$ cat final-v2.cif   # mmCIF, C-alpha atoms (C1' of nucleotides)
data_final
#
loop_
_atom_site.label_atom_id
_atom_site.label_comp_id
_atom_site.auth_asym_id
_atom_site.auth_seq_id
_atom_site.Cartn_x
_atom_site.Cartn_y
_atom_site.Cartn_z
CA MET J 1 137.06 78.07 -27.17
CA LYS J 2 137.95 75.28 -24.83
CA ASP J 3 136.82 76.94 -21.62
CA THR J 4 133.07 77.11 -21.58
CA SER J 5 131.81 79.49 -18.93
CA LYS J 6 130.90 76.54 -16.71
CA GLU J 7 134.34 74.96 -16.98
CA ASP J 8 135.83 78.36 -16.44
CA PHE J 9 133.83 78.77 -13.30
CA LEU J 10 135.22 75.57 -11.84
CA GLN J 11 138.83 76.64 -11.88
CA LEU J 12 140.06 76.77 -8.34
CA GLU J 13 142.08 79.87 -9.06
CA LYS J 14 138.91 81.71 -10.04
CA PHE J 15 137.47 81.22 -6.58
CA LEU J 16 138.01 84.30 -4.47
CA CYS J 17 137.42 82.17 -1.39
CA PHE J 18 140.35 79.96 -2.37
CA SER J 19 142.66 82.92 -2.88
CA VAL J 20 141.79 84.14 0.59
CA TYR J 21 142.15 80.63 2.00
CA SER J 22 145.56 80.01 0.46
CA ALA J 23 146.84 83.52 1.20
CA SER J 24 145.87 83.03 4.83
CA HIS J 25 147.91 79.82 5.02
CA ALA J 26 150.78 81.53 3.23
CA PHE J 27 150.85 84.26 5.88
CA ASN J 28 150.76 81.63 8.58
CA ARG J 29 153.78 79.99 7.04
CA ILE J 30 156.02 83.05 6.73
CA TYR J 31 155.15 84.16 10.22
CA LYS J 32 155.99 80.78 11.71
CA PRO J 33 159.80 80.93 11.71
CA LEU J 34 159.70 84.45 13.15
CA LEU J 35 157.12 83.60 15.80
CA ASP J 36 158.93 80.40 16.74
CA GLN J 37 161.76 82.60 17.96
CA ILE J 38 159.49 84.30 20.47
CA GLY J 39 157.49 81.19 21.32
CA LEU J 40 154.12 82.24 19.90
CA THR J 41 151.77 80.69 17.39
CA TYR J 42 150.14 82.88 14.76
CA PRO J 43 146.73 83.18 16.48
CA GLN J 44 148.47 83.71 19.82
CA TYR J 45 150.49 86.51 18.24
CA LEU J 46 147.32 88.21 17.01
CA VAL J 47 145.81 88.01 20.49
CA MET J 48 148.99 89.51 21.94
CA VAL J 49 148.87 92.33 19.40
CA SER J 50 145.34 93.06 20.56
CA LEU J 51 146.48 93.07 24.19
CA TRP J 52 149.49 95.27 23.48
CA GLN J 53 147.09 97.71 21.93
CA GLU J 54 144.65 97.46 24.85
CA ASP J 55 145.51 95.62 28.03
CA ASP J 56 142.98 94.20 30.49
CA GLN J 57 140.30 92.97 28.13
CA SER J 58 137.55 90.45 28.70
CA VAL J 59 137.54 87.21 26.73
CA ARG J 60 134.39 88.48 25.10
CA SER J 61 136.06 91.69 23.94
CA ILE J 62 139.00 89.81 22.44
CA GLY J 63 136.57 87.42 20.77
CA GLU J 64 134.64 90.25 19.16
CA LYS J 65 137.78 91.88 17.80
CA MET J 66 139.24 88.64 16.52
CA TYR J 67 135.96 87.06 15.39
CA LEU J 68 136.61 84.00 17.53
CA GLU J 69 134.44 81.97 19.89
CA SER J 70 135.20 81.30 23.54
CA SER J 71 135.70 77.66 22.59
CA THR J 72 138.72 78.79 20.60
CA LEU J 73 139.96 81.51 22.91
CA THR J 74 139.73 79.80 26.29
CA PRO J 75 142.31 77.11 25.52
CA LEU J 76 144.52 79.57 23.62
CA LEU J 77 144.50 82.01 26.54
CA LYS J 78 145.25 79.19 28.97
CA ARG J 79 148.31 78.37 26.90
CA LEU J 80 149.40 82.01 26.98
CA GLU J 81 148.88 81.92 30.75
CA ALA J 82 150.86 78.69 31.06
CA ASN J 83 153.67 80.41 29.15
CA GLY J 84 153.60 83.29 31.62
CA LEU J 85 152.45 85.97 29.17
CA VAL J 86 148.99 86.77 30.55
CA MET J 87 146.93 86.47 33.74
CA ARG J 88 143.33 85.28 33.74
CA ASN J 89 141.11 86.53 36.55
CA ARG J 90 137.40 86.71 37.09
CA ASP J 91 136.13 90.28 37.07
CA PRO J 92 135.11 91.11 40.67
CA ASN J 93 132.34 93.36 39.34
CA ASP J 94 130.94 90.61 37.15
CA GLU J 95 132.03 87.14 38.07
CA ARG J 96 130.83 85.81 34.73
CA SER J 97 133.56 87.51 32.77
CA VAL J 98 137.28 86.82 32.81
CA ARG J 99 139.75 89.68 32.43
CA ILE J 100 142.95 89.04 30.53
CA ARG J 101 145.93 91.10 31.60
CA LEU J 102 149.51 91.08 30.36
CA THR J 103 152.23 89.98 32.75
CA GLU J 104 155.51 91.89 32.81
CA GLN J 105 156.89 89.17 30.59
CA GLY J 106 153.95 89.60 28.23
CA LYS J 107 154.55 93.33 28.05
CA ALA J 108 158.25 92.82 27.51
CA LEU J 109 157.66 90.50 24.59
CA ARG J 110 156.31 93.45 22.63
CA GLU J 111 159.80 94.78 22.03
CA LYS J 112 160.89 91.56 20.38
CA ALA J 113 157.69 91.34 18.36
CA GLU J 114 157.91 94.86 17.04
CA GLU J 115 160.30 94.12 14.23
CA ILE J 116 158.20 91.30 12.81
CA PRO J 117 155.70 93.27 10.68
CA THR J 118 158.52 94.94 8.77
CA CYS J 119 160.05 91.56 7.91
CA ILE J 120 156.68 90.37 6.72
CA LEU J 121 155.85 93.37 4.56
CA GLU J 122 159.19 92.83 2.90
CA ALA J 123 158.38 89.18 2.19
CA THR J 124 155.04 90.07 0.64
CA GLY J 125 156.79 92.22 -1.93
CA LEU J 126 153.88 94.64 -1.80
CA ASP J 127 154.17 98.38 -2.11
CA ILE J 128 152.48 100.31 0.66
CA GLU J 129 149.62 101.48 -1.51
CA THR J 130 148.62 98.02 -2.71
CA ALA J 131 148.92 96.68 0.84
CA LYS J 132 146.63 99.42 2.12
CA ARG J 133 144.09 98.88 -0.61
CA LEU J 134 144.09 95.12 -0.08
CA ASN J 135 143.67 95.63 3.63
CA ARG J 136 140.76 98.01 3.13
CA ASP J 137 139.02 95.75 0.60
CA LEU J 138 139.44 92.65 2.76
CA ARG J 139 138.08 94.38 5.86
CA ALA J 140 135.09 95.55 3.88
CA LEU J 141 134.58 92.03 2.54
CA ARG J 142 134.81 90.47 5.99
CA ASP J 143 132.49 93.06 7.53
CA GLN J 144 129.96 92.56 4.75
CA ILE J 145 130.00 88.82 5.35
CA GLU J 146 129.87 89.13 9.14
CA LYS J 147 127.22 91.84 9.16
CA PRO J 148 124.20 89.51 9.16
CA ARG J 149 125.90 87.35 11.80
CA ARG J 150 126.30 90.20 14.23
CA ALA J 151 122.93 91.82 13.68
CA MET G 1 148.22 113.54 17.87
CA LYS G 2 147.28 110.65 20.03
CA ASP G 3 148.35 107.89 17.68
CA THR G 4 152.10 107.87 17.51
CA SER G 5 153.30 105.82 14.56
CA LYS G 6 154.19 103.01 16.89
CA GLU G 7 150.74 102.88 18.48
CA ASP G 8 149.24 103.18 15.06
CA PHE G 9 151.23 100.21 13.92
CA LEU G 10 149.86 98.07 16.70
CA GLN G 11 146.24 98.33 15.67
CA LEU G 12 145.02 94.91 14.71
CA GLU G 13 142.98 96.33 11.88
CA LYS G 14 146.13 97.74 10.31
CA PHE G 15 147.59 94.26 9.97
CA LEU G 16 147.06 92.94 6.48
CA CYS G 17 147.67 89.44 7.82
CA PHE G 18 144.75 89.85 10.20
CA SER G 19 142.43 91.03 7.46
CA VAL G 20 143.30 87.95 5.44
CA TYR G 21 142.97 85.75 8.53
CA SER G 22 139.56 87.09 9.51
CA ALA G 23 138.26 87.20 5.93
CA SER G 24 139.24 83.57 5.56
CA HIS G 25 137.22 82.62 8.63
CA ALA G 26 134.34 84.74 7.40
CA PHE G 27 134.26 82.81 4.12
CA ASN G 28 134.38 79.56 6.02
CA ARG G 29 131.36 80.66 8.01
CA ILE G 30 129.10 81.68 5.12
CA TYR G 31 129.97 78.54 3.20
CA LYS G 32 129.17 76.28 6.14
CA PRO G 33 125.35 76.30 6.02
CA LEU G 34 125.44 75.74 2.25
CA LEU G 35 128.03 72.98 2.44
CA ASP G 36 126.25 71.29 5.34
CA GLN G 37 123.44 70.61 2.92
CA ILE G 38 125.69 68.59 0.65
CA GLY G 39 127.71 67.04 3.45
CA LEU G 40 131.07 68.69 2.78
CA THR G 41 133.42 70.78 4.87
CA TYR G 42 135.02 73.85 3.37
CA PRO G 43 138.44 72.26 2.65
CA GLN G 44 136.71 69.13 1.34
CA TYR G 45 134.67 71.32 -0.99
CA LEU G 46 137.82 72.94 -2.36
CA VAL G 47 139.35 69.52 -3.01
CA MET G 48 136.17 68.44 -4.79
CA VAL G 49 136.26 71.59 -6.93
CA SER G 50 139.80 70.67 -7.92
CA LEU G 51 138.67 67.13 -8.79
CA TRP G 52 135.65 68.33 -10.75
CA GLN G 53 138.03 70.42 -12.76
CA GLU G 54 140.48 67.55 -13.23
CA ASP G 55 139.64 64.01 -12.17
CA ASP G 56 142.20 61.30 -11.39
CA GLN G 57 144.88 63.32 -9.63
CA SER G 58 147.65 62.16 -7.33
CA VAL G 59 147.66 63.31 -3.72
CA ARG G 60 150.80 65.21 -4.56
CA SER G 61 149.09 67.08 -7.40
CA ILE G 62 146.17 68.09 -5.21
CA GLY G 63 148.60 69.16 -2.51
CA GLU G 64 150.50 71.41 -4.89
CA LYS G 65 147.36 73.10 -6.14
CA MET G 66 145.90 73.57 -2.69
CA TYR G 67 149.18 74.32 -0.89
CA LEU G 68 148.55 71.51 1.57
CA GLU G 69 150.75 68.74 2.97
CA SER G 70 150.02 65.03 2.73
CA SER G 71 149.54 65.06 6.50
CA THR G 72 146.50 67.26 5.91
CA LEU G 73 145.24 65.65 2.73
CA THR G 74 145.51 61.96 3.59
CA PRO G 75 142.92 62.05 6.40
CA LEU G 76 140.70 64.48 4.47
CA LEU G 77 140.72 62.21 1.39
CA LYS G 78 140.00 59.19 3.56
CA ARG G 79 136.93 60.97 4.85
CA LEU G 80 135.81 61.77 1.30
CA GLU G 81 136.36 58.09 0.49
CA ALA G 82 134.37 57.01 3.56
CA ASN G 83 131.55 59.26 2.35
CA GLY G 84 131.62 57.54 -1.04
CA LEU G 85 132.75 60.56 -3.05
CA VAL G 86 136.22 59.43 -4.18
CA MET G 87 138.29 56.29 -4.64
CA ARG G 88 141.91 56.02 -3.49
CA ASN G 89 144.15 53.60 -5.37
CA ARG G 90 147.87 53.15 -5.70
CA ASP G 91 149.11 54.05 -9.16
CA PRO G 92 150.13 50.76 -10.83
CA ASN G 93 152.88 52.61 -12.72
CA ASP G 94 154.31 54.06 -9.53
CA GLU G 95 153.24 52.34 -6.38
CA ARG G 96 154.45 55.27 -4.32
CA SER G 97 151.67 57.57 -5.43
CA VAL G 98 147.95 57.33 -4.78
CA ARG G 99 145.48 58.37 -7.46
CA ILE G 100 142.26 60.03 -6.37
CA ARG G 101 139.27 59.45 -8.64
CA LEU G 102 135.68 60.64 -8.31
CA THR G 103 132.97 58.03 -7.82
CA GLU G 104 129.69 58.43 -9.68
CA GLN G 105 128.32 59.93 -6.50
CA GLY G 106 131.25 62.34 -6.36
CA LYS G 107 130.63 63.40 -9.95
CA ALA G 108 126.91 63.78 -9.32
CA LEU G 109 127.51 66.08 -6.37
CA ARG G 110 128.83 68.69 -8.77
CA GLU G 111 125.31 69.56 -9.91
CA LYS G 112 124.25 70.38 -6.39
CA ALA G 113 127.43 72.34 -5.71
CA GLU G 114 127.18 74.45 -8.80
CA GLU G 115 124.79 76.98 -7.40
CA ILE G 116 126.89 77.70 -4.34
CA PRO G 117 129.38 80.25 -5.77
CA THR G 118 126.55 82.47 -6.92
CA CYS G 119 125.02 82.50 -3.45
CA ILE G 120 128.40 83.40 -2.01
CA LEU G 121 129.22 86.19 -4.42
CA GLU G 122 125.87 87.68 -3.49
CA ALA G 123 126.70 87.51 0.22
CA THR G 124 130.02 89.25 -0.29
CA GLY G 125 128.24 92.25 -1.77
CA LEU G 126 131.14 92.71 -4.16
CA ASP G 127 130.84 93.90 -7.71
CA ILE G 128 132.54 91.66 -10.25
CA GLU G 129 135.38 94.08 -10.88
CA THR G 130 136.38 94.42 -7.24
CA ALA G 131 136.11 90.66 -6.78
CA LYS G 132 138.39 90.06 -9.74
CA ARG G 133 140.92 92.62 -8.59
CA LEU G 134 140.94 91.21 -5.06
CA ASN G 135 141.37 87.72 -6.43
CA ARG G 136 144.27 88.79 -8.63
CA ASP G 137 146.00 90.72 -5.85
CA LEU G 138 145.61 87.89 -3.36
CA ARG G 139 146.96 85.29 -5.75
CA ALA G 140 149.95 87.52 -6.43
CA LEU G 141 150.46 87.97 -2.71
CA ARG G 142 150.27 84.25 -2.03
CA ASP G 143 152.58 83.38 -4.89
CA GLN G 144 155.09 85.96 -3.77
CA ILE G 145 155.08 84.50 -0.27
CA GLU G 146 155.22 80.89 -1.47
CA LYS G 147 157.85 81.52 -4.11
CA PRO G 148 160.90 80.99 -1.87
CA ARG G 149 159.21 77.91 -0.37
CA ARG G 150 158.81 76.23 -3.74
CA ALA G 151 162.16 77.16 -5.19
"C1'" DA O 1 111.92 88.71 46.33
"C1'" DC O 2 112.12 85.29 42.99
"C1'" DA O 3 111.48 82.63 38.80
"C1'" DA O 4 112.66 83.07 33.90
"C1'" DT O 5 115.80 84.72 30.74
"C1'" DT O 6 120.09 86.31 29.23
"C1'" DT O 7 125.07 86.57 29.34
"C1'" DA O 8 130.08 84.98 29.92
"C1'" DT O 9 132.97 81.45 29.94
"C1'" DA O 10 134.20 76.61 29.76
"C1'" DT O 11 134.02 71.78 27.92
"C1'" DC O 12 133.70 68.30 24.36
"C1'" DG O 13 134.04 66.19 19.81
"C1'" DC O 14 135.40 66.71 15.13
"C1'" DG O 15 138.09 68.29 11.32
"C1'" DC O 16 141.69 70.79 9.59
"C1'" DA O 17 146.91 72.22 9.17
"C1'" DC O 18 151.52 71.59 9.95
"C1'" DG O 19 156.29 69.82 11.27
"C1'" DA O 20 158.77 65.72 12.23
"C1'" DT O 21 159.21 61.14 11.38
"C1'" DT O 22 158.38 56.60 9.15
"C1'" DT O 23 157.73 53.27 5.43
"C1'" DA O 24 157.89 51.77 0.98
"C1'" DA O 25 158.88 52.41 -3.85
"C1'" DT O 26 161.68 54.43 -7.43
"C1'" DT O 27 165.77 56.51 -9.30
"C1'" DA O 28 170.65 57.62 -9.52
"C1'" DC O 29 175.05 56.31 -9.99
"C1'" DA O 30 179.39 54.17 -8.53
"C1'" DT I 1 174.17 45.34 -9.95
"C1'" DG I 2 173.64 46.90 -5.69
"C1'" DT I 3 173.62 50.69 -2.49
"C1'" DA I 4 172.63 55.41 -1.63
"C1'" DA I 5 169.60 59.13 -2.34
"C1'" DT I 6 165.16 60.74 -3.50
"C1'" DT I 7 160.24 60.69 -3.70
"C1'" DA I 8 155.17 59.77 -2.23
"C1'" DA I 9 152.08 58.83 1.35
"C1'" DA I 10 151.03 57.93 5.85
"C1'" DT I 11 151.36 58.54 10.92
"C1'" DC I 12 151.78 61.14 15.16
"C1'" DG I 13 151.49 65.08 18.29
"C1'" DT I 14 150.07 69.90 18.95
"C1'" DG I 15 147.18 73.79 18.27
"C1'" DC I 16 143.53 76.04 16.25
"C1'" DG I 17 138.31 76.86 15.10
"C1'" DC I 18 133.66 75.84 15.55
"C1'" DG I 19 128.96 74.05 16.97
"C1'" DA I 20 126.57 72.07 20.71
"C1'" DT I 21 126.15 71.90 25.32
"C1'" DA I 22 126.97 72.93 30.29
"C1'" DT I 23 127.50 75.91 34.28
"C1'" DA I 24 127.24 79.75 36.87
"C1'" DA I 25 126.39 84.62 37.46
"C1'" DA I 26 123.71 88.66 36.42
"C1'" DT I 27 119.47 90.85 34.75
"C1'" DT I 28 114.59 91.19 33.84
"C1'" DG I 29 109.82 91.11 34.82
"C1'" DT I 30 106.29 90.52 37.99
#

$ encode --input "final-v2.cif" --output "structure tokens"
Amino acid sequence: MKDTSKEDFLQLEKFLCFSVYSASHAFNRIYKPLLDQIGLTYPQYLVMVSLWQEDDQSVRSIGEKMYLESSTLTPLLKRLEANGLVMRNRDPNDERSVRIRLTEQGKALREKAEEIPTCILEATGLDIETAKRLNRDLRALRDQIEKPRRA
Amino acid sequence: MKDTSKEDFLQLEKFLCFSVYSASHAFNRIYKPLLDQIGLTYPQYLVMVSLWQEDDQSVRSIGEKMYLESSTLTPLLKRLEANGLVMRNRDPNDERSVRIRLTEQGKALREKAEEIPTCILEATGLDIETAKRLNRDLRALRDQIEKPRRA
DNA sequence: ACAATTTATATCGCGCACGATTTAATTACA
DNA sequence: TGTAATTAAATCGTGCGCGATATAAATTGT
């Protein structure tokens, strides 16, 4: 047998972390042409999805949901603000926190964005069941990894 | 029912792309403390894994395996070179391409890196079977998405 | 009330990651 | 053979993503 277990272990394709890494980039790439049409980047789109689901969130709240630091979100949100999609205002009840609210334009963008997920699911070639299972397993994996970080 | 199908659709957690996105970051984060010890970043580590598996590759070859552009790899490989882990030399048979070869130091690093995957698998809390299935499904997903891009 | 601590966001530097473009070498083919 | 087309890397600009640090506001403990 040519593949000893050690050699076997070193194959990139055997690394779960690489499959996740490359699948993540692959998603980024199919989303790009669709998101270009509505002027969003992929992370910006995910933030908008979160805001469409629940408007008027603090930076902190968005960060917790997206697993991102303020050092990532602050500039991203400023870009969304510069593009007229959100407003950033200090919370009068707690001047430390900044509330992010959708502008009318930001709300309106939802309509255009709504058809995107269907296009994507099509491109993945997945049946609903596999997609659901993958989603469930990946969430569990992420939560397991993040658990000690949030404790 | 409070969740209409449209509202339901907008939940971030229902987005497979977000699960992949956040799982990818999660992996990055657990690898970091381990990779810090051997002076590699996560993408650098993946390139090194590829080189440990097969030394003396062209930039192009690495790019195809990792799904990365030369605009990403060139600076990354220069950093590996600056750290004394690889050598970059034009291929005498085809001056267009650059061959990447491990230095002795780069080869030696493999020993230290070999224990990492075990630590990681432990942190994921996955049983082998689930890990294998996830890996298989994600590769299939990635390949399906990349297929039209490589055709 | 007030000093010490905690919390929320922002800033900075570094390293990806990509698209668009450039440069140089090779190949195709008229 | 010589010119056009293709190929391989590199360069540049933009936007993440994070750790370390800074700043300012709120909370805690006395």

$ calpha_fit_and_write --input "final-v2.cif" --fixed "chain G" --moving "chain J" --output "JSON list (two decimals) with C-alpha atoms, in the frame of the given file"
[["chain", "number", "residue", "atom", "x", "y", "z"],
["J", 1, "MET", "CA", 147.97, 113.52, 17.89],
["J", 2, "LYS", "CA", 147.10, 110.59, 20.05],
["J", 3, "ASP", "CA", 148.24, 107.87, 17.68],
["J", 4, "THR", "CA", 151.98, 107.89, 17.49],
["J", 5, "SER", "CA", 153.24, 105.88, 14.54],
["J", 6, "LYS", "CA", 154.18, 103.03, 16.88],
["J", 7, "GLU", "CA", 150.74, 102.90, 18.49],
["J", 8, "ASP", "CA", 149.24, 103.17, 15.07],
["J", 9, "PHE", "CA", 151.25, 100.23, 13.92],
["J", 10, "LEU", "CA", 149.88, 98.05, 16.69],
["J", 11, "GLN", "CA", 146.26, 98.32, 15.67],
["J", 12, "LEU", "CA", 145.05, 94.91, 14.71],
["J", 13, "GLU", "CA", 143.01, 96.33, 11.88],
["J", 14, "LYS", "CA", 146.17, 97.73, 10.31],
["J", 15, "PHE", "CA", 147.62, 94.26, 9.96],
["J", 16, "LEU", "CA", 147.07, 92.94, 6.47],
["J", 17, "CYS", "CA", 147.69, 89.44, 7.81],
["J", 18, "PHE", "CA", 144.76, 89.86, 10.20],
["J", 19, "SER", "CA", 142.44, 91.04, 7.46],
["J", 20, "VAL", "CA", 143.31, 87.96, 5.45],
["J", 21, "TYR", "CA", 142.98, 85.76, 8.53],
["J", 22, "SER", "CA", 139.57, 87.09, 9.51],
["J", 23, "ALA", "CA", 138.27, 87.20, 5.93],
["J", 24, "SER", "CA", 139.26, 83.56, 5.54],
["J", 25, "HIS", "CA", 137.23, 82.61, 8.62],
["J", 26, "ALA", "CA", 134.35, 84.74, 7.40],
["J", 27, "PHE", "CA", 134.27, 82.81, 4.12],
["J", 28, "ASN", "CA", 134.39, 79.56, 6.03],
["J", 29, "ARG", "CA", 131.37, 80.66, 8.00],
["J", 30, "ILE", "CA", 129.11, 81.67, 5.11],
["J", 31, "TYR", "CA", 129.99, 78.55, 3.20],
["J", 32, "LYS", "CA", 129.18, 76.29, 6.14],
["J", 33, "PRO", "CA", 125.36, 76.31, 6.01],
["J", 34, "LEU", "CA", 125.45, 75.74, 2.25],
["J", 35, "LEU", "CA", 128.05, 72.98, 2.44],
["J", 36, "ASP", "CA", 126.26, 71.30, 5.33],
["J", 37, "GLN", "CA", 123.42, 70.62, 2.92],
["J", 38, "ILE", "CA", 125.69, 68.60, 0.66],
["J", 39, "GLY", "CA", 127.71, 67.05, 3.47],
["J", 40, "LEU", "CA", 131.07, 68.69, 2.78],
["J", 41, "THR", "CA", 133.42, 70.78, 4.87],
["J", 42, "TYR", "CA", 135.03, 73.86, 3.35],
["J", 43, "PRO", "CA", 138.44, 72.27, 2.64],
["J", 44, "GLN", "CA", 136.71, 69.15, 1.34],
["J", 45, "TYR", "CA", 134.67, 71.33, -1.00],
["J", 46, "LEU", "CA", 137.83, 72.95, -2.37],
["J", 47, "VAL", "CA", 139.35, 69.53, -3.00],
["J", 48, "MET", "CA", 136.17, 68.46, -4.79],
["J", 49, "VAL", "CA", 136.27, 71.59, -6.93],
["J", 50, "SER", "CA", 139.80, 70.65, -7.93],
["J", 51, "LEU", "CA", 138.67, 67.12, -8.79],
["J", 52, "TRP", "CA", 135.65, 68.32, -10.75],
["J", 53, "GLN", "CA", 138.03, 70.41, -12.76],
["J", 54, "GLU", "CA", 140.48, 67.53, -13.22],
["J", 55, "ASP", "CA", 139.64, 64.00, -12.18],
["J", 56, "ASP", "CA", 142.19, 61.29, -11.40],
["J", 57, "GLN", "CA", 144.87, 63.30, -9.65],
["J", 58, "SER", "CA", 147.63, 62.17, -7.35],
["J", 59, "VAL", "CA", 147.65, 63.31, -3.74],
["J", 60, "ARG", "CA", 150.79, 65.21, -4.60],
["J", 61, "SER", "CA", 149.10, 67.09, -7.44],
["J", 62, "ILE", "CA", 146.16, 68.09, -5.24],
["J", 63, "GLY", "CA", 148.60, 69.16, -2.54],
["J", 64, "GLU", "CA", 150.51, 71.40, -4.91],
["J", 65, "LYS", "CA", 147.35, 73.09, -6.16],
["J", 66, "MET", "CA", 145.90, 73.56, -2.70],
["J", 67, "TYR", "CA", 149.19, 74.30, -0.92],
["J", 68, "LEU", "CA", 148.56, 71.50, 1.55],
["J", 69, "GLU", "CA", 150.75, 68.74, 2.96],
["J", 70, "SER", "CA", 150.01, 65.03, 2.75],
["J", 71, "SER", "CA", 149.52, 65.09, 6.51],
["J", 72, "THR", "CA", 146.49, 67.27, 5.90],
["J", 73, "LEU", "CA", 145.25, 65.67, 2.71],
["J", 74, "THR", "CA", 145.50, 61.98, 3.58],
["J", 75, "PRO", "CA", 142.93, 62.08, 6.38],
["J", 76, "LEU", "CA", 140.70, 64.49, 4.45],
["J", 77, "LEU", "CA", 140.72, 62.23, 1.39],
["J", 78, "LYS", "CA", 139.99, 59.20, 3.56],
["J", 79, "ARG", "CA", 136.93, 61.00, 4.86],
["J", 80, "LEU", "CA", 135.82, 61.78, 1.30],
["J", 81, "GLU", "CA", 136.35, 58.10, 0.50],
["J", 82, "ALA", "CA", 134.39, 57.03, 3.57],
["J", 83, "ASN", "CA", 131.57, 59.27, 2.36],
["J", 84, "GLY", "CA", 131.63, 57.56, -1.02],
["J", 85, "LEU", "CA", 132.76, 60.58, -3.05],
["J", 86, "VAL", "CA", 136.22, 59.44, -4.17],
["J", 87, "MET", "CA", 138.29, 56.28, -4.64],
["J", 88, "ARG", "CA", 141.90, 56.02, -3.50],
["J", 89, "ASN", "CA", 144.12, 53.59, -5.39],
["J", 90, "ARG", "CA", 147.83, 53.13, -5.70],
["J", 91, "ASP", "CA", 149.09, 54.00, -9.17],
["J", 92, "PRO", "CA", 150.11, 50.71, -10.84],
["J", 93, "ASN", "CA", 152.87, 52.54, -12.72],
["J", 94, "ASP", "CA", 154.27, 54.03, -9.53],
["J", 95, "GLU", "CA", 153.21, 52.31, -6.38],
["J", 96, "ARG", "CA", 154.40, 55.24, -4.30],
["J", 97, "SER", "CA", 151.65, 57.54, -5.47],
["J", 98, "VAL", "CA", 147.94, 57.32, -4.80],
["J", 99, "ARG", "CA", 145.45, 58.35, -7.48],
["J", 100, "ILE", "CA", 142.25, 60.03, -6.39],
["J", 101, "ARG", "CA", 139.26, 59.46, -8.64],
["J", 102, "LEU", "CA", 135.68, 60.64, -8.31],
["J", 103, "THR", "CA", 132.97, 58.05, -7.79],
["J", 104, "GLU", "CA", 129.68, 58.42, -9.65],
["J", 105, "GLN", "CA", 128.31, 59.93, -6.48],
["J", 106, "GLY", "CA", 131.23, 62.34, -6.35],
["J", 107, "LYS", "CA", 130.61, 63.39, -9.93],
["J", 108, "ALA", "CA", 126.92, 63.78, -9.29],
["J", 109, "LEU", "CA", 127.51, 66.07, -6.35],
["J", 110, "ARG", "CA", 128.83, 68.68, -8.75],
["J", 111, "GLU", "CA", 125.33, 69.56, -9.89],
["J", 112, "LYS", "CA", 124.25, 70.40, -6.37],
["J", 113, "ALA", "CA", 127.45, 72.32, -5.69],
["J", 114, "GLU", "CA", 127.20, 74.44, -8.79],
["J", 115, "GLU", "CA", 124.81, 76.98, -7.40],
["J", 116, "ILE", "CA", 126.92, 77.70, -4.33],
["J", 117, "PRO", "CA", 129.40, 80.25, -5.75],
["J", 118, "THR", "CA", 126.56, 82.49, -6.91],
["J", 119, "CYS", "CA", 125.05, 82.52, -3.42],
["J", 120, "ILE", "CA", 128.42, 83.41, -2.00],
["J", 121, "LEU", "CA", 129.22, 86.22, -4.40],
["J", 122, "GLU", "CA", 125.88, 87.69, -3.47],
["J", 123, "ALA", "CA", 126.71, 87.52, 0.24],
["J", 124, "THR", "CA", 130.03, 89.25, -0.27],
["J", 125, "GLY", "CA", 128.26, 92.25, -1.75],
["J", 126, "LEU", "CA", 131.16, 92.71, -4.14],
["J", 127, "ASP", "CA", 130.85, 93.89, -7.70],
["J", 128, "ILE", "CA", 132.54, 91.67, -10.24],
["J", 129, "GLU", "CA", 135.39, 94.07, -10.87],
["J", 130, "THR", "CA", 136.40, 94.42, -7.23],
["J", 131, "ALA", "CA", 136.12, 90.65, -6.77],
["J", 132, "LYS", "CA", 138.40, 90.07, -9.74],
["J", 133, "ARG", "CA", 140.93, 92.61, -8.58],
["J", 134, "LEU", "CA", 140.96, 91.20, -5.05],
["J", 135, "ASN", "CA", 141.39, 87.72, -6.43],
["J", 136, "ARG", "CA", 144.28, 88.78, -8.63],
["J", 137, "ASP", "CA", 146.02, 90.72, -5.85],
["J", 138, "LEU", "CA", 145.63, 87.88, -3.34],
["J", 139, "ARG", "CA", 146.99, 85.29, -5.76],
["J", 140, "ALA", "CA", 149.97, 87.50, -6.44],
["J", 141, "LEU", "CA", 150.49, 87.97, -2.71],
["J", 142, "ARG", "CA", 150.28, 84.25, -2.01],
["J", 143, "ASP", "CA", 152.60, 83.38, -4.90],
["J", 144, "GLN", "CA", 155.12, 85.97, -3.77],
["J", 145, "ILE", "CA", 155.10, 84.51, -0.27],
["J", 146, "GLU", "CA", 155.24, 80.90, -1.47],
["J", 147, "LYS", "CA", 157.88, 81.53, -4.12],
["J", 148, "PRO", "CA", 160.91, 81.00, -1.87],
["J", 149, "ARG", "CA", 159.23, 77.91, -0.39],
["J", 150, "ARG", "CA", 158.83, 76.22, -3.73],
["J", 151, "ALA", "CA", 162.19, 77.16, -5.19]]

$ resolve_selection --input "final-v2.cif" --expression "the PyMOL selection byres ((chain J) within 6 of (chain G))" --output "list in words"
Leu10, Leu16, Ser19, Val20, Tyr21, Ala23, Ser24, Ala26, Gln53, Thr124, Asn135, Leu138, Arg139, Arg142 and Ile145 of chain J

$ atom_distance --input "final-v2.cif" --atom1 "CA of Arg96 in chain J" --atom2 "CA of Gln57 in chain J"
13.6 Å

$ axis_aligned_box --input "final-v2.cif" --around "range 54-70 of chain G" --padding-each-side "4 Å" --output "lines of an AutoDock Vina configuration file"
center_x = 145.2
center_y = 67.8
center_z = -5.1
size_x = 19.2
size_y = 21.0
size_z = 24.2

$ resolve_selection --input "final-v2.cif" --expression "the PyMOL selection byres ((chain G and resi 56) around 6)" --output "PDB file with C-alpha atoms, in the coordinates of the input"
ATOM      1  CA  ASP G  55     139.640  64.010 -12.170  1.00  0.00           C
ATOM      2  CA  GLN G  57     144.880  63.320  -9.630  1.00  0.00           C
ATOM      3  CA  ARG G  99     145.480  58.370  -7.460  1.00  0.00           C
ATOM      4  CA  ILE G 100     142.260  60.030  -6.370  1.00  0.00           C
ATOM      5  CA  ARG G 101     139.270  59.450  -8.640  1.00  0.00           C
TER       6      ARG G 101
END
